[in-house]
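Q: As input, take entry-v5.pdb (PDB, C-alpha atoms):
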```pdb
MODEL        1
ATOM      1  CA  MET A   1     -68.201 -98.970  31.069
ATOM      2  CA  SER A   2     -69.409 -96.332  28.821
ATOM      3  CA  ASP A   3     -67.747 -95.542  25.600
ATOM      4  CA  LEU A   4     -65.932 -92.178  25.255
ATOM      5  CA  ILE A   5     -66.120 -90.813  21.805
ATOM      6  CA  LEU A   6     -63.742 -87.966  20.844
ATOM      7  CA  ASN A   7     -64.317 -86.040  17.697
ATOM      8  CA  VAL A   8     -60.900 -84.759  16.632
ATOM      9  CA  THR A   9     -60.533 -82.852  13.498
ATOM     10  CA  PHE A  10     -57.142 -82.974  11.955
ATOM     11  CA  GLY A  11     -56.221 -80.148   9.647
ATOM     12  CA  VAL A  12     -53.126 -78.537   8.318
ATOM     13  CA  VAL A  13     -52.627 -74.917   9.489
ATOM     14  CA  GLU A  14     -51.275 -72.873   6.685
ATOM     15  CA  PRO A  15     -48.189 -70.796   7.706
ATOM     16  CA  ALA A  16     -48.434 -66.988   7.694
ATOM     17  CA  ARG A  17     -47.843 -65.594   4.338
ATOM     18  CA  ARG A  18     -44.524 -63.758   4.253
ATOM     19  CA  VAL A  19     -43.690 -61.034   1.886
ATOM     20  CA  PRO A  20     -40.652 -61.908  -0.154
ATOM     21  CA  ALA A  21     -37.530 -60.368   1.251
ATOM     22  CA  GLY A  22     -36.820 -58.719  -2.051
ATOM     23  CA  ASN A  23     -40.059 -56.653  -2.076
ATOM     24  CA  ARG A  24     -39.093 -53.023  -2.402
ATOM     25  CA  LYS A  25     -42.227 -51.629  -0.773
ATOM     26  CA  HIS A  26     -41.745 -53.857   2.250
ATOM     27  CA  ARG A  27     -38.132 -52.773   2.649
ATOM     28  CA  ASN A  28     -39.137 -49.122   2.478
ATOM     29  CA  PHE A  29     -41.869 -49.727   5.066
ATOM     30  CA  VAL A  30     -39.478 -51.454   7.494
ATOM     31  CA  ARG A  31     -36.862 -48.747   7.034
ATOM     32  CA  ARG A  32     -39.375 -45.964   7.675
ATOM     33  CA  ARG A  33     -40.715 -47.697  10.783
ATOM     34  CA  HIS A  34     -37.200 -48.161  12.108
ATOM     35  CA  LEU A  35     -36.314 -44.534  11.495
ATOM     36  CA  GLU A  36     -39.559 -43.329  13.119
ATOM     37  CA  ARG A  37     -38.855 -45.306  16.257
ATOM     38  CA  LYS A  38     -35.295 -44.127  16.345
ATOM     39  CA  ARG A  39     -36.405 -40.551  15.840
ATOM     40  CA  ALA A  40     -39.054 -40.766  18.597
ATOM     41  CA  LEU A  41     -36.352 -41.993  20.978
ATOM     42  CA  GLY A  42     -34.079 -39.151  19.936
ATOM     43  CA  GLN A  43     -36.833 -36.574  20.563
ATOM     44  CA  LYS A  44     -37.302 -37.826  24.134
ATOM     45  CA  GLN A  45     -33.616 -37.484  24.862
ATOM     46  CA  ARG A  46     -33.349 -33.975  23.393
ATOM     47  CA  PRO A  47     -33.841 -30.805  25.514
ATOM     48  CA  ALA A  48     -37.299 -29.268  25.456
ATOM     49  CA  ALA A  49     -36.050 -26.258  23.488
ATOM     50  CA  LEU A  50     -34.912 -28.495  20.649
ATOM     51  CA  GLN A  51     -38.114 -30.587  20.753
ATOM     52  CA  LEU A  52     -40.183 -27.465  20.180
ATOM     53  CA  GLY A  53     -38.213 -26.708  17.029
ATOM     54  CA  GLY A  54     -38.269 -30.301  15.835
ATOM     55  CA  ASP A  55     -39.457 -31.428  12.484
ATOM     56  CA  ARG A  56     -43.047 -32.360  11.802
ATOM     57  CA  PRO A  57     -43.731 -36.079  11.463
ATOM     58  CA  ARG A  58     -43.997 -37.011   7.889
ATOM     59  CA  LYS A  59     -46.888 -38.910   6.409
ATOM     60  CA  ARG A  60     -46.553 -42.531   5.515
ATOM     61  CA  GLY A  61     -46.415 -43.575   1.973
ATOM     62  CA  ARG A  62     -45.255 -40.217   0.713
ATOM     63  CA  LYS A  63     -41.732 -39.609  -0.414
ATOM     64  CA  ARG A  64     -40.042 -36.849   1.539
ATOM     65  CA  LYS A  65     -38.519 -33.986  -0.404
ATOM     66  CA  PRO A  66     -34.850 -33.124   0.209
ATOM     67  CA  GLU A  67     -34.106 -30.285   2.615
ATOM     68  CA  ALA A  68     -32.511 -27.003   1.496
ATOM     69  CA  GLY A  69     -29.165 -28.148   2.858
ATOM     70  CA  GLY A  70     -29.226 -31.238   0.686
ATOM     71  CA  GLY A  71     -30.135 -34.784   1.692
ATOM     72  CA  GLU A  72     -32.967 -35.993   3.948
ATOM     73  CA  ARG A  73     -33.528 -34.915   7.527
ATOM     74  CA  GLU A  74     -32.758 -38.388   8.924
ATOM     75  CA  GLU A  75     -29.174 -38.135   7.740
ATOM     76  CA  HIS A  76     -28.569 -35.250  10.184
ATOM     77  CA  GLU A  77     -30.000 -36.723  13.383
ATOM     78  CA  GLY A  78     -28.178 -35.538  16.489
ATOM     79  CA  LYS A  79     -26.843 -32.325  14.930
ATOM     80  CA  ASP A  80     -28.188 -29.186  13.325
ATOM     81  CA  PRO A  81     -28.525 -29.537   9.559
ATOM     82  CA  PRO A  82     -27.034 -26.975   7.193
ATOM     83  CA  ARG A  83     -28.999 -23.697   6.934
ATOM     84  CA  SER A  84     -31.221 -24.684   9.890
ATOM     85  CA  SER A  85     -31.988 -22.427  12.853
ATOM     86  CA  GLY A  86     -28.948 -23.747  14.723
ATOM     87  CA  GLY A  87     -26.433 -23.413  11.888
ATOM     88  CA  SER A  88     -27.710 -20.801   9.464
ATOM     89  CA  GLU A  89     -25.351 -18.711   7.416
ATOM     90  CA  PRO A  90     -24.805 -15.120   8.610
ATOM     91  CA  SER A  91     -26.565 -12.355   6.745
ATOM     92  CA  ALA A  92     -24.662  -9.756   4.715
ATOM     93  CA  ARG A  93     -24.861  -7.336   7.646
ATOM     94  CA  SER A  94     -23.561  -9.817  10.205
ATOM     95  CA  THR A  95     -20.773 -10.855   7.843
ATOM     96  CA  THR A  96     -19.665  -7.230   7.566
ATOM     97  CA  GLN A  97     -19.736  -6.852  11.337
ATOM     98  CA  GLU A  98     -17.662  -9.986  11.818
ATOM     99  CA  LYS A  99     -15.132  -8.785   9.306
ATOM    100  CA  GLY A 100     -14.944  -5.480  11.136
ATOM    101  CA  THR A 101     -14.386  -7.073  14.544
ATOM    102  CA  LYS A 102     -12.072  -9.922  13.624
ATOM    103  CA  ARG A 103      -8.741  -8.417  12.673
ATOM    104  CA  THR A 104      -5.417 -10.035  12.297
ATOM    105  CA  PRO A 105      -2.452  -8.538  14.214
ATOM    106  CA  GLY A 106      -0.875  -7.389  10.944
ATOM    107  CA  ALA A 107      -4.022  -5.576   9.881
ATOM    108  CA  LYS A 108      -4.222  -3.859  13.251
ATOM    109  CA  LYS A 109      -0.656  -2.614  13.000
ATOM    110  CA  ALA A 110      -1.238  -1.363   9.450
ATOM    111  CA  ALA A 111      -4.268   0.572  10.630
ATOM    112  CA  GLU A 112      -2.261   2.234  13.368
ATOM    113  CA  VAL A 113       0.456   3.452  10.967
ATOM    114  CA  PRO A 114      -0.310   7.079  10.099
ATOM    115  CA  VAL A 115      -0.820   7.662   6.395
ATOM    116  CA  ARG A 116       0.259  10.969   4.900
ATOM    117  CA  ALA A 117      -2.976  12.668   3.897
ATOM    118  CA  PRO A 118      -3.247  14.441   0.558
ATOM    119  CA  GLY A 119      -2.692  18.191   0.789
ATOM    120  CA  LEU A 120       0.224  17.910   3.216
ATOM    121  CA  PRO A 121       3.775  18.921   2.242
ATOM    122  CA  PRO A 122       5.936  16.206   0.637
ATOM    123  CA  ALA A 123       7.770  13.855   2.954
ATOM    124  CA  PRO A 124      11.445  14.675   3.717
ATOM    125  CA  SER A 125      12.519  11.592   1.795
ATOM    126  CA  LYS A 126      11.195  13.254  -1.364
ATOM    127  CA  PHE A 127      13.575  16.234  -1.079
ATOM    128  CA  VAL A 128      17.042  16.556  -2.577
ATOM    129  CA  ALA A 129      19.328  19.538  -3.063
ATOM    130  CA  ILE A 130      21.551  20.014  -6.099
ATOM    131  CA  ASP A 131      24.486  22.221  -7.009
ATOM    132  CA  CYS A 132      26.579  22.185 -10.165
ATOM    133  CA  GLU A 133      29.928  23.663 -11.108
ATOM    134  CA  MET A 134      30.561  24.781 -14.699
ATOM    135  CA  VAL A 135      33.486  25.346 -17.013
ATOM    136  CA  GLY A 136      33.675  27.424 -20.201
ATOM    137  CA  THR A 137      33.413  25.933 -23.678
ATOM    138  CA  GLY A 138      32.921  27.439 -27.127
ATOM    139  CA  PRO A 139      34.340  30.776 -28.341
ATOM    140  CA  LYS A 140      36.392  32.418 -25.561
ATOM    141  CA  GLY A 141      34.820  29.978 -23.071
ATOM    142  CA  GLY A 142      31.549  31.864 -23.084
ATOM    143  CA  THR A 143      29.332  28.778 -22.968
ATOM    144  CA  SER A 144      28.855  27.168 -19.555
ATOM    145  CA  ALA A 145      29.148  23.380 -19.493
ATOM    146  CA  LEU A 146      28.628  20.965 -16.618
ATOM    147  CA  ALA A 147      31.876  19.845 -14.989
ATOM    148  CA  ARG A 148      30.746  18.686 -11.526
ATOM    149  CA  CYS A 149      27.395  17.802 -10.002
ATOM    150  CA  SER A 150      26.566  17.127  -6.350
ATOM    151  CA  ILE A 151      23.234  15.956  -4.931
ATOM    152  CA  VAL A 152      22.482  15.628  -1.219
ATOM    153  CA  SER A 153      19.473  14.301   0.683
ATOM    154  CA  TYR A 154      17.189  16.176   3.088
ATOM    155  CA  GLU A 155      19.586  15.272   5.907
ATOM    156  CA  GLY A 156      22.651  16.361   3.886
ATOM    157  CA  ASP A 157      23.920  12.911   2.942
ATOM    158  CA  VAL A 158      25.735  12.825  -0.401
ATOM    159  CA  LEU A 159      23.713  10.939  -3.020
ATOM    160  CA  TYR A 160      25.835  11.865  -6.021
ATOM    161  CA  ASP A 161      29.107  13.740  -6.518
ATOM    162  CA  CYS A 162      31.041  13.301  -9.755
ATOM    163  CA  TYR A 163      33.210  15.264 -12.123
ATOM    164  CA  VAL A 164      31.672  15.424 -15.582
ATOM    165  CA  ARG A 165      33.519  15.690 -18.894
ATOM    166  CA  PRO A 166      31.721  18.086 -21.276
ATOM    167  CA  THR A 167      30.985  17.073 -24.838
ATOM    168  CA  GLU A 168      32.837  20.157 -26.142
ATOM    169  CA  PRO A 169      36.513  20.985 -25.449
ATOM    170  CA  ILE A 170      37.081  23.038 -22.315
ATOM    171  CA  VAL A 171      38.405  26.534 -23.031
ATOM    172  CA  ASP A 172      38.193  28.029 -19.537
ATOM    173  CA  TYR A 173      38.212  25.905 -16.356
ATOM    174  CA  ARG A 174      37.092  28.856 -14.223
ATOM    175  CA  SER A 175      39.055  27.299 -11.365
ATOM    176  CA  ARG A 176      38.746  30.401  -9.154
ATOM    177  CA  TRP A 177      34.996  29.788  -8.834
ATOM    178  CA  SER A 178      34.432  26.219  -9.975
ATOM    179  CA  GLY A 179      37.424  24.616  -8.296
ATOM    180  CA  ILE A 180      37.846  22.489 -11.463
ATOM    181  CA  CYS A 181      41.307  21.722 -12.806
ATOM    182  CA  LYS A 182      42.597  19.770 -15.759
ATOM    183  CA  LYS A 183      43.455  16.807 -13.539
ATOM    184  CA  HIS A 184      39.795  16.423 -12.525
ATOM    185  CA  MET A 185      38.878  15.627 -16.129
ATOM    186  CA  LEU A 186      41.186  12.621 -16.390
ATOM    187  CA  ASN A 187      38.678  10.240 -14.764
ATOM    188  CA  ALA A 188      35.571  12.343 -15.282
ATOM    189  CA  VAL A 189      32.270  10.711 -16.286
ATOM    190  CA  PRO A 190      31.116  11.468 -19.850
ATOM    191  CA  PHE A 191      28.262  13.940 -19.930
ATOM    192  CA  CYS A 192      25.685  11.539 -21.433
ATOM    193  CA  LYS A 193      26.281   8.905 -18.771
ATOM    194  CA  ALA A 194      26.322  11.449 -15.956
ATOM    195  CA  GLN A 195      23.099  12.990 -17.228
ATOM    196  CA  GLN A 196      21.311   9.626 -17.123
ATOM    197  CA  GLU A 197      22.495   8.927 -13.579
ATOM    198  CA  ILE A 198      21.547  12.397 -12.326
ATOM    199  CA  LEU A 199      18.093  12.468 -13.897
ATOM    200  CA  LYS A 200      17.352   9.055 -12.431
ATOM    201  CA  ILE A 201      17.959  10.481  -8.943
ATOM    202  CA  LEU A 202      15.926  13.638  -9.590
ATOM    203  CA  SER A 203      12.938  11.794 -11.032
ATOM    204  CA  GLY A 204       9.878  12.281  -8.807
ATOM    205  CA  LYS A 205      11.809  14.327  -6.242
ATOM    206  CA  VAL A 206      11.363  17.846  -4.950
ATOM    207  CA  VAL A 207      14.627  19.504  -6.027
ATOM    208  CA  VAL A 208      16.029  22.394  -3.984
ATOM    209  CA  GLY A 209      18.684  24.676  -5.423
ATOM    210  CA  HIS A 210      19.939  28.257  -5.538
ATOM    211  CA  ALA A 211      19.399  29.881  -8.948
ATOM    212  CA  ILE A 212      18.538  26.357  -9.944
ATOM    213  CA  HIS A 213      17.665  27.253 -13.509
ATOM    214  CA  ASN A 214      21.415  27.477 -14.223
ATOM    215  CA  ASP A 215      21.933  23.924 -12.973
ATOM    216  CA  PHE A 216      19.085  22.562 -15.087
ATOM    217  CA  LYS A 217      20.417  24.419 -18.118
ATOM    218  CA  ALA A 218      23.828  22.810 -17.682
ATOM    219  CA  LEU A 219      22.100  19.411 -17.367
ATOM    220  CA  LYS A 220      19.995  20.175 -20.467
ATOM    221  CA  TYR A 221      16.943  19.295 -18.435
ATOM    222  CA  PHE A 222      13.684  20.866 -17.261
ATOM    223  CA  HIS A 223      12.304  19.738 -13.907
ATOM    224  CA  PRO A 224       8.567  20.158 -13.128
ATOM    225  CA  LYS A 225       7.907  23.574 -11.618
ATOM    226  CA  ALA A 226       5.699  22.107  -8.872
ATOM    227  CA  LEU A 227       8.662  20.007  -7.725
ATOM    228  CA  THR A 228      11.224  22.807  -7.763
ATOM    229  CA  ARG A 229      12.279  25.011  -4.813
ATOM    230  CA  ASP A 230      14.616  27.883  -5.713
ATOM    231  CA  THR A 231      16.047  29.534  -2.589
ATOM    232  CA  SER A 232      16.999  32.592  -4.631
ATOM    233  CA  LYS A 233      13.286  33.205  -5.266
ATOM    234  CA  ILE A 234      11.753  32.643  -1.830
ATOM    235  CA  PRO A 235      10.727  36.053  -0.407
ATOM    236  CA  LEU A 236      10.517  34.612   3.117
ATOM    237  CA  LEU A 237      14.268  33.981   3.122
ATOM    238  CA  ASN A 238      14.996  37.535   2.072
ATOM    239  CA  GLN A 239      12.683  38.846   4.801
ATOM    240  CA  LYS A 240      14.384  36.800   7.490
ATOM    241  CA  GLY A 241      17.784  37.942   6.267
ATOM    242  CA  GLY A 242      16.731  41.590   6.079
ATOM    243  CA  PHE A 243      17.024  41.801   2.287
ATOM    244  CA  PRO A 244      14.526  43.218  -0.243
ATOM    245  CA  GLU A 245      12.002  40.590  -1.297
ATOM    246  CA  ASN A 246      12.294  41.155  -5.055
ATOM    247  CA  ILE A 247      16.090  40.844  -5.308
ATOM    248  CA  ALA A 248      17.996  37.582  -5.760
ATOM    249  CA  ILE A 249      20.538  37.389  -2.939
ATOM    250  CA  SER A 250      23.652  35.250  -3.336
ATOM    251  CA  LEU A 251      23.910  31.947  -1.491
ATOM    252  CA  LYS A 252      26.992  33.211   0.327
ATOM    253  CA  ARG A 253      25.190  36.246   1.806
ATOM    254  CA  LEU A 254      22.110  34.257   2.821
ATOM    255  CA  ALA A 255      24.276  31.659   4.555
ATOM    256  CA  LYS A 256      26.115  34.389   6.438
ATOM    257  CA  GLU A 257      22.971  36.149   7.660
ATOM    258  CA  LEU A 258      20.697  33.199   8.363
ATOM    259  CA  LEU A 259      23.061  30.320   9.109
ATOM    260  CA  HIS A 260      25.967  32.370  10.473
ATOM    261  CA  LYS A 261      28.470  30.385   8.425
ATOM    262  CA  ASP A 262      31.021  31.321   5.781
ATOM    263  CA  ILE A 263      31.063  29.444   2.504
ATOM    264  CA  GLN A 264      32.839  29.874  -0.824
ATOM    265  CA  VAL A 265      35.956  31.286   0.817
ATOM    266  CA  GLY A 266      39.572  30.771  -0.197
ATOM    267  CA  LYS A 267      41.243  30.422  -3.575
ATOM    268  CA  SER A 268      40.419  26.762  -4.134
ATOM    269  CA  GLY A 269      36.980  27.565  -5.542
ATOM    270  CA  HIS A 270      33.507  26.484  -4.549
ATOM    271  CA  SER A 271      32.543  23.087  -3.212
ATOM    272  CA  SER A 272      29.330  21.878  -4.843
ATOM    273  CA  VAL A 273      28.647  19.512  -1.923
ATOM    274  CA  GLU A 274      28.946  22.375   0.590
ATOM    275  CA  ASP A 275      26.732  24.610  -1.524
ATOM    276  CA  ALA A 276      24.060  21.918  -1.895
ATOM    277  CA  ARG A 277      23.984  21.280   1.861
ATOM    278  CA  THR A 278      23.792  25.018   2.556
ATOM    279  CA  THR A 279      20.898  25.372   0.149
ATOM    280  CA  MET A 280      18.967  22.604   1.935
ATOM    281  CA  GLU A 281      19.636  24.213   5.333
ATOM    282  CA  LEU A 282      18.298  27.538   4.094
ATOM    283  CA  TYR A 283      15.188  25.888   2.717
ATOM    284  CA  LYS A 284      14.476  24.178   6.047
ATOM    285  CA  ILE A 285      14.302  27.578   7.765
ATOM    286  CA  VAL A 286      11.152  28.499   5.811
ATOM    287  CA  GLU A 287       9.952  25.032   4.808
ATOM    288  CA  ALA A 288       6.658  24.980   6.758
ATOM    289  CA  GLU A 289       5.622  28.522   5.805
ATOM    290  CA  TRP A 290       6.718  28.210   2.198
ATOM    291  CA  GLU A 291       4.987  24.870   1.595
ATOM    292  CA  GLN A 292       1.779  26.232   3.093
ATOM    293  CA  HIS A 293       2.052  29.275   0.839
ATOM    294  CA  LEU A 294       2.494  27.053  -2.209
ATOM    295  CA  MET A 295      -0.497  24.896  -1.282
ATOM    296  CA  LEU A 296      -2.757  27.905  -0.832
ATOM    297  CA  ASN A 297      -1.724  29.307  -4.195
ATOM    298  CA  SER A 298      -2.261  25.966  -5.950
ATOM    299  CA  GLU A 299      -5.775  25.716  -4.464
ATOM    300  CA  GLN A 300      -6.660  29.199  -5.641
ATOM    301  CA  GLU A 301      -5.423  28.446  -9.133
TER     302      GLU A 301
ENDMDL
END
```
Show me this structure written as structure tokens.

A:
Amino acid sequence: MSDLILNVTFGVVEPARRVPAGNRKHRNFVRRRHLERKRALGQKQRPAALQLGGDRPRKRGRKRKPEAGGGEREEHEGKDPPRSSGGSEPSARSTTQEKGTKRTPGAKKAAEVPVRAPGLPPAPSKFVAIDCEMVGTGPKGGTSALARCSIVSYEGDVLYDCYVRPTEPIVDYRSRWSGICKKHMLNAVPFCKAQQEILKILSGKVVVGHAIHNDFKALKYFHPKALTRDTSKIPLLNQKGGFPENIAISLKRLAKELLHKDIQVGKSGHSSVEDARTTMELYKIVEAEWEQHLMLNSEQE
């Protein structure tokens, strides 16, 4: 029997050298490799249109700069990042267009409401008519003092109607024309208080009256000329009534000719409410023509 000789070499195989788990470079390498694989899988699953616009692969070992939207690209996988092609902010022009097309129901209604353009006559709500009744004070009652004031709206509704007690003693009540008696002064409003209340109503309004300068004088007040309409000085009314243009016609005669109504009749005196309403009715007859005439004159001036 022959001898079998085996040469066996026994040696210790050194284990593969492992990088310590706490090595920062190794952790970064593993994380990048994992993200690259994950990203490659995501690119395969995306539509071709999105793959064409995908990001360029980044080089190893180089730190990637943050995107304009903030943060790295990997944090936005599966959705368009801020300010990218899929989710960019609209330009100034597109923003204006969107604001013009997207309207709330309230804004639409406000746009449909007609706004009174400048240059048009004042709105009816801005008009009031006034008439005052006077009594006599001073020597022989020769000084006229306010004893009653009535103000009506464009539609003729009474806004103010009060008896007013003058600051001076009354010498002549002039009851035949004013309709004022001694009994009316018992609960009359003192002149100063009445003046404040009346001027508050007239403020900012277009005031219509007949020989209205007498009413303002009794109120010790001057209303702006541009906001005053005196029916005794409107030539159109005289023309329509068949009277000379340069003559002041009484309210009674104008009402008879143009409105076919009788006012200031009887022995009880005038009614300031009736006179104020009549004045407003007369003004309405020539309102459109007269306001146009006033606008043309103001433009020429």

Q: If I take CA of Pro244 in chain A and CA of Lys256 in chain A, how far is one from the other in Å, to one decimal?

A: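 Atom-to-atom, CA of Pro244 in chain A and CA of Lys256 in chain A are spaced 16.0 Å apart.
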
Q: Output as JSON lines one row per residue of range 193-300 of chain A within 10 Å of range 163-182 of chain A: the closest atom pair and its distance in Å to one decimal place, counting only C-alpha atoms, sorted by chain and residue number ascending.

A:
```
{"residue": "A:Lys193", "atom": "CA", "partner": "A:Val164", "partner_atom": "CA", "distance": 9.0}
{"residue": "A:Ala194", "atom": "CA", "partner": "A:Val164", "partner_atom": "CA", "distance": 6.7}
{"residue": "A:Gln195", "atom": "CA", "partner": "A:Val164", "partner_atom": "CA", "distance": 9.1}
{"residue": "A:Ala218", "atom": "CA", "partner": "A:Pro166", "partner_atom": "CA", "distance": 9.9}
{"residue": "A:Gln264", "atom": "CA", "partner": "A:Trp177", "partner_atom": "CA", "distance": 8.3}
{"residue": "A:Val265", "atom": "CA", "partner": "A:Trp177", "partner_atom": "CA", "distance": 9.8}
{"residue": "A:Gly266", "atom": "CA", "partner": "A:Arg176", "partner_atom": "CA", "distance": 9.0}
{"residue": "A:Lys267", "atom": "CA", "partner": "A:Arg176", "partner_atom": "CA", "distance": 6.1}
{"residue": "A:Ser268", "atom": "CA", "partner": "A:Gly179", "partner_atom": "CA", "distance": 5.6}
{"residue": "A:Gly269", "atom": "CA", "partner": "A:Gly179", "partner_atom": "CA", "distance": 4.1}
{"residue": "A:His270", "atom": "CA", "partner": "A:Ser178", "partner_atom": "CA", "distance": 5.5}
{"residue": "A:Ser271", "atom": "CA", "partner": "A:Gly179", "partner_atom": "CA", "distance": 7.2}
{"residue": "A:Ser272", "atom": "CA", "partner": "A:Ser178", "partner_atom": "CA", "distance": 8.4}
```

Q: What does the structure give for the distance between CA of Gln292 in chain A and CA of Leu159 in chain A, in Å to one decimal?

A: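 Separating CA of Gln292 in chain A from CA of Leu159 in chain A is a distance of 27.4 Å.
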
Q: To one decimal place, how far is CA of Lys217 in chain A from CA of Gln196 in chain A in Å?

A: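 About the pair CA of Lys217 in chain A and CA of Gln196 in chain A: they are 14.9 Å apart.
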
Q: Quick check on the file I pasted: which residues fall under the PyMOL selection byres ((chain A and resi 130) around 12)? Write them as a VMD selection string.

A: chain A and resid 127 to 129 131 to 133 148 to 154 156 to 161 198 to 199 201 to 202 205 to 216 219 228 to 231 271 to 280

Q: Go ahead and write the residues just picked, C-alpha atoms, as a PDB file, in the frame of the given file.

A:
```pdb
ATOM      1  CA  PHE A 127      13.575  16.234  -1.079  1.00  0.00           C
ATOM      2  CA  VAL A 128      17.042  16.556  -2.577  1.00  0.00           C
ATOM      3  CA  ALA A 129      19.328  19.538  -3.063  1.00  0.00           C
ATOM      4  CA  ASP A 131      24.486  22.221  -7.009  1.00  0.00           C
ATOM      5  CA  CYS A 132      26.579  22.185 -10.165  1.00  0.00           C
ATOM      6  CA  GLU A 133      29.928  23.663 -11.108  1.00  0.00           C
ATOM      7  CA  ARG A 148      30.746  18.686 -11.526  1.00  0.00           C
ATOM      8  CA  CYS A 149      27.395  17.802 -10.002  1.00  0.00           C
ATOM      9  CA  SER A 150      26.566  17.127  -6.350  1.00  0.00           C
ATOM     10  CA  ILE A 151      23.234  15.956  -4.931  1.00  0.00           C
ATOM     11  CA  VAL A 152      22.482  15.628  -1.219  1.00  0.00           C
ATOM     12  CA  SER A 153      19.473  14.301   0.683  1.00  0.00           C
ATOM     13  CA  TYR A 154      17.189  16.176   3.088  1.00  0.00           C
ATOM     14  CA  GLY A 156      22.651  16.361   3.886  1.00  0.00           C
ATOM     15  CA  ASP A 157      23.920  12.911   2.942  1.00  0.00           C
ATOM     16  CA  VAL A 158      25.735  12.825  -0.401  1.00  0.00           C
ATOM     17  CA  LEU A 159      23.713  10.939  -3.020  1.00  0.00           C
ATOM     18  CA  TYR A 160      25.835  11.865  -6.021  1.00  0.00           C
ATOM     19  CA  ASP A 161      29.107  13.740  -6.518  1.00  0.00           C
ATOM     20  CA  ILE A 198      21.547  12.397 -12.326  1.00  0.00           C
ATOM     21  CA  LEU A 199      18.093  12.468 -13.897  1.00  0.00           C
ATOM     22  CA  ILE A 201      17.959  10.481  -8.943  1.00  0.00           C
ATOM     23  CA  LEU A 202      15.926  13.638  -9.590  1.00  0.00           C
ATOM     24  CA  LYS A 205      11.809  14.327  -6.242  1.00  0.00           C
ATOM     25  CA  VAL A 206      11.363  17.846  -4.950  1.00  0.00           C
ATOM     26  CA  VAL A 207      14.627  19.504  -6.027  1.00  0.00           C
ATOM     27  CA  VAL A 208      16.029  22.394  -3.984  1.00  0.00           C
ATOM     28  CA  GLY A 209      18.684  24.676  -5.423  1.00  0.00           C
ATOM     29  CA  HIS A 210      19.939  28.257  -5.538  1.00  0.00           C
ATOM     30  CA  ALA A 211      19.399  29.881  -8.948  1.00  0.00           C
ATOM     31  CA  ILE A 212      18.538  26.357  -9.944  1.00  0.00           C
ATOM     32  CA  HIS A 213      17.665  27.253 -13.509  1.00  0.00           C
ATOM     33  CA  ASN A 214      21.415  27.477 -14.223  1.00  0.00           C
ATOM     34  CA  ASP A 215      21.933  23.924 -12.973  1.00  0.00           C
ATOM     35  CA  PHE A 216      19.085  22.562 -15.087  1.00  0.00           C
ATOM     36  CA  LEU A 219      22.100  19.411 -17.367  1.00  0.00           C
ATOM     37  CA  THR A 228      11.224  22.807  -7.763  1.00  0.00           C
ATOM     38  CA  ARG A 229      12.279  25.011  -4.813  1.00  0.00           C
ATOM     39  CA  ASP A 230      14.616  27.883  -5.713  1.00  0.00           C
ATOM     40  CA  THR A 231      16.047  29.534  -2.589  1.00  0.00           C
ATOM     41  CA  SER A 271      32.543  23.087  -3.212  1.00  0.00           C
ATOM     42  CA  SER A 272      29.330  21.878  -4.843  1.00  0.00           C
ATOM     43  CA  VAL A 273      28.647  19.512  -1.923  1.00  0.00           C
ATOM     44  CA  GLU A 274      28.946  22.375   0.590  1.00  0.00           C
ATOM     45  CA  ASP A 275      26.732  24.610  -1.524  1.00  0.00           C
ATOM     46  CA  ALA A 276      24.060  21.918  -1.895  1.00  0.00           C
ATOM     47  CA  ARG A 277      23.984  21.280   1.861  1.00  0.00           C
ATOM     48  CA  THR A 278      23.792  25.018   2.556  1.00  0.00           C
ATOM     49  CA  THR A 279      20.898  25.372   0.149  1.00  0.00           C
ATOM     50  CA  MET A 280      18.967  22.604   1.935  1.00  0.00           C
TER      51      MET A 280
END
```
